[in-house]
Amino acid sequence: MPTRSELGREDVGREDIEKLVHDTIASILPGLPAGAIDSGRHLKELGADSVDRVEIIMALIDHLGIEADMSRFSEIPSVDGLVQFLWEEKRS
């Protein structure tokens with residue numbers, strides 16, 4: 001997993017964010033290995049309850065050093081959508 005200082009850079013790549021998202025999901029949902037995460041599915045479909053989803057999102061925005069309103073995450077349809085959203089937020 002990339003370090004916080006690496007993820008704090010403005011030029012962090014989408015691949016780095018994707019790896020962070022998968023690793024974070026796997027750490028919070030220990031029954032789901034990172035390699036088994038289907039990027040086209042929603043966190044709920046992967047077994048994340050509402051507390052898990054908040055924990056995942058909070059960990060990701062903390063690691064990436066971004067500020068984003070939690071309500072904006074409710075519209076994200078999939079893990080890949082989450083990666084895209086975080087990457088765009090990091091770039092802006």
# chains A, B, ... in the order shown; residues from 1 in each chain; ligands from 1
>>> residues_around(residues="A:Ile25", least_positions_apart="6", cutoff="10 Å", atoms="only C-alpha atoms", output="number ranges by chain")
A: 19, 32-34, 37, 43, 46, 48, 52-53, 55-57, 59-60, 79
>>> residues_around(residues="stretch 87-90 of chain A", least_positions_apart="4", cutoff="12 Å", atoms="only C-alpha atoms", output="PyMOL selection string")
chain A and resi 7-21+60-69+72-73+80-83
>>> atom_distance(atom1="atom CA of A:Gly31", atom2="atom CA of A:Ser71")
27.1 Å
>>> select_by_dssp(residues="chain A", states="alpha helix (DSSP H)", output="VMD selection string")
chain A and resid 4 to 7 14 to 28 50 to 64 79 to 91
>>> atom_distance(atom1="atom CA of A:Ile28", atom2="atom CA of A:Arg91")
25.7 Å
>>> atom_distance(atom1="atom CA of A:Glu45", atom2="atom CA of A:Gln84")
18.5 Å
